[in-house]
Amino acid sequence: MLIDDSKLDIFLNKKFLNISGVGNNTLEFLSARAALEYIEKHADQSNKLPDLILLDVKMPEINGFEFLEKFKELKHKLSKSINIIMLSSTLDPKDLDRANDNTDVQDMLRKPLNPQQLKSLIDQRQTSKVN
Amino acid sequence: MRIKPNILYVDDESNNLTGFKATFRRDYRVYTAESGKEALEILNDRDFQVIISDQRMPGMTGVDFFESIKESHPEPVRMLLTGYSDIESVIKAINEGNVYRYITKPWEEQDLKMTIDNAVEYYNAKNELRERNIELEKAYNELEKFIYSASHNMRAPLASVLGIVQLAKMENDNPAIDDYLQKIESSVDKLDVFIQNTIAYYRSENLEVKSEAIDFKTLFEEALQSVEYYEEAQSIEIKMDIKQNNTYLGDIARTRLLINNLISNAIRFQKPGSSNKLIEIKADVNEDEAIISVCDNGIGIAPENQEKIFDMFYSTVPDNTGSGIGLYIVKETLKKLQGTIEVDSSKGEYSKFKMTIPSQK
């Protein structure tokens, strides 16, 4: 699932996801609110929920961190666990700290997304899950 | 309408007070006090441009009085009325900066008026300077905020452009277009580096220097991780030799900025097409200082340019991928940490940057 207020970035990241071999089925949301509504609506349908969310930090109305707060409240209802990777244009150290403190977030990456870096993060996640 | 300056005259002899007031009340707003204690109360009620005090007073001398108001009322210009026998103590007060001028008794009206007018002028000049400084600082802070927010807003669309170019490169099989894409990426990258450097620099500029425990091995590993996926970094061999046996206290954010800039330069100024690109990183850290050197076997710097590279916006070769601001930022950041940097380079062969950063205890 891609959550970003920039259509251009969604287009880009969708392509990068394909290239990194991560997945072909991507859900796109231009606002955090729309994404939350979708997740809540399909909370018990594993096949409709994403395995991974690429979450933009800077968005109008509800930003990436506010999304995470609301997501935390929804988590217990979800029929599967969802990995979250945050994306930022600037990598503000304060944002980075906030992301590191949040247990739902695997990492925060700087835009533009690098397919190899993404893939290796996801592989890391897989191996730790298996272990 | 010219506002009359406020003058405070302190003297234990009331005849002198009356005489002074009568002489000068047309030119100034004169207030009088018979002792330092009384003068202090008057000082707390309004602002004064000039204070004239007799030296010989019972209880508190003129010099003692001025000393007592040094912290609480630093602005008014002080003058001391004195007879020849008091000169010694007065001269000492003048040299210590407490007193602007001394006036010998008995005073002559025209001379004294000229001296007081000079003192008022001096007061006005100092005041204007102080206000100018406050305005300047305010303007500078506004400018910094603007640069910071402008940079943030510029980086977002730029990141998108970089992403598209990288995507296009992956999907493209036309060699001519590939060349154009490469050129676009170079240019955009240069701008991006500039903006990111600017953001990082102004982010740290105003912060107080911190004193935190730094583990250099971790700092370097993080720095290398952040460049790991850059295309130019792929073919470069990186050797690291970090010696740190004790705790080193420093400013993590600034030290990180320094290291990232040097490593970034070492990557960017490699010889294009070379097959044995190398970067050697050495750190020697003890509790007093950290000596860090980053050495590359890249294009090097000509001797006549080795000082200029630290200037803002300096650029050596037309095609280079530097932003021109990185080393300026390194220089300014080091200044704040009281550190130094040395350049050792041979054009066409290598460049070595060695920083000495004292610990910030």
# chains A, B, ... in the order shown; residues from 1 in each chain; ligands from 1
$ interface_residues --of "chain A" --to "chain B" --cutoff "9 Å" --atoms "only C-alpha atoms" --output "NGL selection string"
:A and (8-9 or 12-13 or 15-16 or 19 or 88-90 or 92-93 or 110-114 or 116-117)
$ residues_around --residues "A:Gln106" --least-positions-apart "3" --cutoff "7 Å" --atoms "only C-alpha atoms" --output "MDAnalysis selection string"
chainID A and resid 83:85
$ write_last_selection --atoms "C-alpha atoms" --output "CSV table (one decimal), in the first residue's frame"
chain,number,residue,atom,x,y,z
A,83,ASN,CA,5.0,-3.8,8.0
A,84,ILE,CA,5.5,0.0,7.6
A,85,ILE,CA,8.3,1.8,6.0
$ residues_around --residues "B:Val30" --least-positions-apart "5" --cutoff "12 Å" --atoms "only C-alpha atoms" --output "list in words"
Lys4, Pro5, Asn6, Ile7, Leu8, Tyr9, Val10, Leu17, Thr18, Gly19, Phe20, Lys21, Ala22, Thr23, Phe24, Arg25, Ile42, Phe48, Gln49, Val50, Ile51, Ile52 and Ile116 of chain B
$ select_by_dssp --residues "stretch 5-230 of chain B" --states "alpha helix (DSSP H)" --output "NGL selection string"
:B and (14-24 or 36-43 or 62-68 or 87-95 or 109-171 or 175-205 or 216-227)
$ write_last_selection --atoms "C-alpha atoms" --output "tab-separated table (two decimals), in the first residue's frame"
chain	number	residue	atom	x	y	z
B	14	SER	CA	23.65	71.62	47.93
B	15	ASN	CA	25.09	74.94	46.70
B	16	ASN	CA	26.75	73.09	43.86
B	17	LEU	CA	23.53	71.33	43.04
B	18	THR	CA	21.57	74.58	42.82
B	19	GLY	CA	24.31	76.28	40.85
B	20	PHE	CA	24.54	73.48	38.34
B	21	LYS	CA	20.80	73.25	37.88
B	22	ALA	CA	20.45	77.01	37.39
B	23	THR	CA	23.21	77.05	34.77
B	24	PHE	CA	22.11	74.13	32.68
B	36	GLY	CA	24.85	57.95	45.85
B	37	LYS	CA	21.93	56.40	47.71
B	38	GLU	CA	19.54	59.20	46.69
B	39	ALA	CA	20.88	59.06	43.15
B	40	LEU	CA	20.08	55.37	42.89
B	41	GLU	CA	16.41	56.00	43.68
B	42	ILE	CA	16.22	58.66	40.95
B	43	LEU	CA	17.97	56.32	38.50
B	62	GLY	CA	31.80	59.05	43.17
B	63	VAL	CA	33.93	56.15	41.99
B	64	ASP	CA	32.26	53.79	44.45
B	65	PHE	CA	28.85	55.01	43.34
B	66	PHE	CA	29.61	54.31	39.69
B	67	GLU	CA	30.99	50.91	40.62
B	68	SER	CA	27.78	50.10	42.46
B	87	ILE	CA	43.19	62.38	40.28
B	88	GLU	CA	44.86	59.02	41.06
B	89	SER	CA	41.68	57.17	41.98
B	90	VAL	CA	39.79	58.83	39.14
B	91	ILE	CA	42.31	57.80	36.50
B	92	LYS	CA	42.04	54.22	37.71
B	93	ALA	CA	38.25	54.37	37.31
B	94	ILE	CA	38.58	55.80	33.80
B	95	ASN	CA	40.98	53.07	32.78
B	109	GLU	CA	30.39	76.75	32.01
B	110	GLN	CA	31.29	76.56	28.28
B	111	ASP	CA	33.83	73.77	28.78
B	112	LEU	CA	31.46	71.73	30.88
B	113	LYS	CA	28.60	72.20	28.41
B	114	MET	CA	30.80	71.01	25.56
B	115	THR	CA	31.88	67.98	27.58
B	116	ILE	CA	28.30	67.12	28.47
B	117	ASP	CA	27.19	67.50	24.85
B	118	ASN	CA	29.99	65.14	23.79
B	119	ALA	CA	28.90	62.67	26.42
B	120	VAL	CA	25.32	62.81	25.15
B	121	GLU	CA	26.52	62.22	21.60
B	122	TYR	CA	28.55	59.27	22.81
B	123	TYR	CA	25.47	57.87	24.56
B	124	ASN	CA	23.39	58.21	21.39
B	125	ALA	CA	26.02	56.52	19.28
B	126	LYS	CA	26.31	53.55	21.64
B	127	ASN	CA	22.54	53.22	21.80
B	128	GLU	CA	22.15	53.26	18.06
B	129	LEU	CA	24.82	50.61	17.75
B	130	ARG	CA	23.05	48.38	20.24
B	131	GLU	CA	19.72	48.74	18.42
B	132	ARG	CA	21.34	48.17	15.03
B	133	ASN	CA	22.83	44.93	16.34
B	134	ILE	CA	19.48	43.72	17.59
B	135	GLU	CA	17.88	44.50	14.21
B	136	LEU	CA	20.69	42.75	12.40
B	137	GLU	CA	20.38	39.65	14.52
B	138	LYS	CA	16.65	39.58	13.95
B	139	ALA	CA	17.11	39.91	10.18
B	140	TYR	CA	19.70	37.16	10.17
B	141	ASN	CA	17.41	34.81	12.09
B	142	GLU	CA	14.58	35.51	9.65
B	143	LEU	CA	16.90	34.81	6.75
B	144	GLU	CA	17.99	31.53	8.25
B	145	LYS	CA	14.41	30.44	8.80
B	146	PHE	CA	13.60	31.33	5.22
B	147	ILE	CA	16.54	29.43	3.80
B	148	TYR	CA	15.67	26.41	5.91
B	149	SER	CA	12.02	26.29	4.89
B	150	ALA	CA	12.78	27.09	1.25
B	151	SER	CA	15.27	24.25	1.18
B	152	HIS	CA	12.74	21.82	2.59
B	153	ASN	CA	10.20	22.83	-0.02
B	154	MET	CA	12.73	22.52	-2.78
B	155	ARG	CA	13.96	19.10	-1.80
B	156	ALA	CA	10.59	17.37	-2.16
B	157	PRO	CA	9.99	17.94	-5.88
B	158	LEU	CA	13.69	17.49	-6.53
B	159	ALA	CA	13.56	14.04	-4.97
B	160	SER	CA	10.71	13.23	-7.34
B	161	VAL	CA	12.74	14.36	-10.34
B	162	LEU	CA	15.72	12.28	-9.25
B	163	GLY	CA	13.43	9.31	-8.84
B	164	ILE	CA	11.99	9.67	-12.32
B	165	VAL	CA	15.43	9.98	-13.87
B	166	GLN	CA	16.61	6.88	-12.06
B	167	LEU	CA	13.51	5.01	-13.17
B	168	ALA	CA	13.98	6.16	-16.75
B	169	LYS	CA	17.56	4.92	-16.69
B	170	MET	CA	16.40	1.51	-15.57
B	171	GLU	CA	13.74	1.25	-18.26
B	175	PRO	CA	22.09	4.80	-25.53
B	176	ALA	CA	21.67	8.42	-26.68
B	177	ILE	CA	18.83	8.94	-24.23
B	178	ASP	CA	20.86	7.24	-21.55
B	179	ASP	CA	23.52	9.89	-22.02
B	180	TYR	CA	20.96	12.68	-21.62
B	181	LEU	CA	19.54	11.02	-18.55
B	182	GLN	CA	22.99	10.77	-17.06
B	183	LYS	CA	23.55	14.47	-17.62
B	184	ILE	CA	20.19	15.37	-16.11
B	185	GLU	CA	20.96	13.26	-13.09
B	186	SER	CA	24.36	14.92	-12.61
B	187	SER	CA	22.89	18.38	-12.66
B	188	VAL	CA	19.97	17.60	-10.44
B	189	ASP	CA	22.19	15.72	-8.05
B	190	LYS	CA	24.44	18.73	-7.70
B	191	LEU	CA	21.47	20.89	-6.74
B	192	ASP	CA	20.22	18.21	-4.40
B	193	VAL	CA	23.53	17.94	-2.58
B	194	PHE	CA	23.60	21.70	-2.20
B	195	ILE	CA	20.11	21.80	-0.73
B	196	GLN	CA	20.70	18.89	1.61
B	197	ASN	CA	23.96	20.38	2.83
B	198	THR	CA	22.26	23.72	3.37
B	199	ILE	CA	19.42	22.12	5.32
B	200	ALA	CA	21.78	20.11	7.49
B	201	TYR	CA	23.98	23.09	8.13
B	202	TYR	CA	21.26	25.56	9.11
B	203	ARG	CA	19.58	22.89	11.14
B	204	SER	CA	22.68	22.61	13.30
B	205	GLU	CA	23.86	26.23	13.10
B	216	PHE	CA	33.18	6.69	16.08
B	217	LYS	CA	32.91	3.18	14.73
B	218	THR	CA	29.12	3.46	14.80
B	219	LEU	CA	29.18	6.97	13.37
B	220	PHE	CA	31.30	5.88	10.41
B	221	GLU	CA	29.26	2.76	9.80
B	222	GLU	CA	26.09	4.85	9.71
B	223	ALA	CA	27.74	7.31	7.34
B	224	LEU	CA	28.73	4.53	4.98
B	225	GLN	CA	25.30	2.97	5.20
B	226	SER	CA	23.70	6.17	4.06
B	227	VAL	CA	25.78	6.24	0.87
$ residues_around --residues "A:Leu118" --least-positions-apart "5" --cutoff "9 Å" --atoms "only C-alpha atoms" --output "tab-separated table (two decimals) with C-alpha atoms, in the first residue's frame"
chain	number	residue	atom	x	y	z
A	16	PHE	CA	10.23	0.87	-7.86
A	17	LEU	CA	8.23	-1.72	-5.96
A	20	SER	CA	12.58	-4.54	-6.58
A	22	VAL	CA	8.44	-6.90	-3.97
A	109	LEU	CA	14.09	6.01	3.97
A	113	LEU	CA	13.28	5.31	-3.14
A	123	ASP	CA	14.46	-9.42	2.93
$ residues_around --residues "B:Thr104" --least-positions-apart "5" --cutoff "7 Å" --atoms "only C-alpha atoms" --output "ChimeraX atom specification"
/B:81-83
$ write_last_selection --atoms "C-alpha atoms" --output "PDB file, in the first residue's frame"
ATOM      1  CA  LEU B  81      33.886  65.926  39.176  1.00  0.00           C
ATOM      2  CA  THR B  82      37.167  66.046  40.949  1.00  0.00           C
ATOM      3  CA  GLY B  83      39.818  68.210  42.534  1.00  0.00           C
TER       4      GLY B  83
END
$ decode --residues "stretch 71-87 of chain A" --atoms "N, CA, C and O atoms" --output "short mmCIF file (atom, residue, chain, number, x, y, z; two decimals), in the first residue's frame"
data_model
loop_
_atom_site.label_atom_id
_atom_site.label_comp_id
_atom_site.auth_asym_id
_atom_site.auth_seq_id
_atom_site.Cartn_x
_atom_site.Cartn_y
_atom_site.Cartn_z
N PHE A 71 -3.29 4.18 13.37
CA PHE A 71 -3.05 2.79 12.98
C PHE A 71 -2.88 1.91 14.22
O PHE A 71 -3.37 0.78 14.29
N LYS A 72 -2.15 2.48 15.22
CA LYS A 72 -1.91 1.72 16.44
C LYS A 72 -3.23 1.31 17.10
O LYS A 72 -3.34 0.21 17.66
N GLU A 73 -4.20 2.23 17.05
CA GLU A 73 -5.48 1.91 17.65
C GLU A 73 -6.21 0.81 16.90
O GLU A 73 -7.00 0.06 17.47
N LEU A 74 -5.97 0.73 15.58
CA LEU A 74 -6.66 -0.26 14.75
C LEU A 74 -6.01 -1.63 14.80
O LEU A 74 -6.65 -2.64 14.49
N LYS A 75 -4.73 -1.64 15.12
CA LYS A 75 -3.91 -2.85 14.97
C LYS A 75 -4.57 -4.13 15.46
O LYS A 75 -4.53 -5.16 14.80
N HIS A 76 -5.17 -4.05 16.65
CA HIS A 76 -5.67 -5.28 17.27
C HIS A 76 -6.82 -5.89 16.46
O HIS A 76 -7.12 -7.06 16.55
N LYS A 77 -7.47 -5.06 15.66
CA LYS A 77 -8.60 -5.56 14.87
C LYS A 77 -8.14 -6.29 13.60
O LYS A 77 -8.93 -6.97 12.96
N LEU A 78 -6.87 -6.05 13.23
CA LEU A 78 -6.44 -6.53 11.91
C LEU A 78 -6.13 -8.02 11.91
O LEU A 78 -5.57 -8.54 12.88
N SER A 79 -6.49 -8.65 10.81
CA SER A 79 -6.30 -10.10 10.72
C SER A 79 -4.89 -10.49 10.31
O SER A 79 -4.57 -11.67 10.24
N LYS A 80 -4.05 -9.50 10.02
CA LYS A 80 -2.64 -9.86 9.82
C LYS A 80 -1.74 -8.68 10.20
O LYS A 80 -2.20 -7.54 10.33
N SER A 81 -0.46 -8.95 10.40
CA SER A 81 0.43 -7.86 10.79
C SER A 81 0.97 -7.18 9.53
O SER A 81 1.25 -7.83 8.52
N ILE A 82 1.06 -5.86 9.61
CA ILE A 82 1.48 -5.08 8.45
C ILE A 82 2.79 -4.36 8.76
O ILE A 82 2.92 -3.69 9.77
N ASN A 83 3.74 -4.49 7.87
CA ASN A 83 5.03 -3.82 8.01
C ASN A 83 4.92 -2.40 7.45
O ASN A 83 4.24 -2.18 6.44
N ILE A 84 5.55 -1.43 8.12
CA ILE A 84 5.47 -0.05 7.64
C ILE A 84 6.87 0.52 7.43
O ILE A 84 7.72 0.43 8.32
N ILE A 85 7.08 1.08 6.25
CA ILE A 85 8.34 1.79 5.98
C ILE A 85 7.98 3.24 5.65
O ILE A 85 7.12 3.48 4.80
N MET A 86 8.64 4.19 6.33
CA MET A 86 8.32 5.60 6.10
C MET A 86 9.25 6.21 5.06
O MET A 86 10.42 5.83 4.96
N LEU A 87 8.70 7.16 4.29
CA LEU A 87 9.50 7.84 3.27
C LEU A 87 9.50 9.34 3.54
O LEU A 87 8.47 9.93 3.83
#
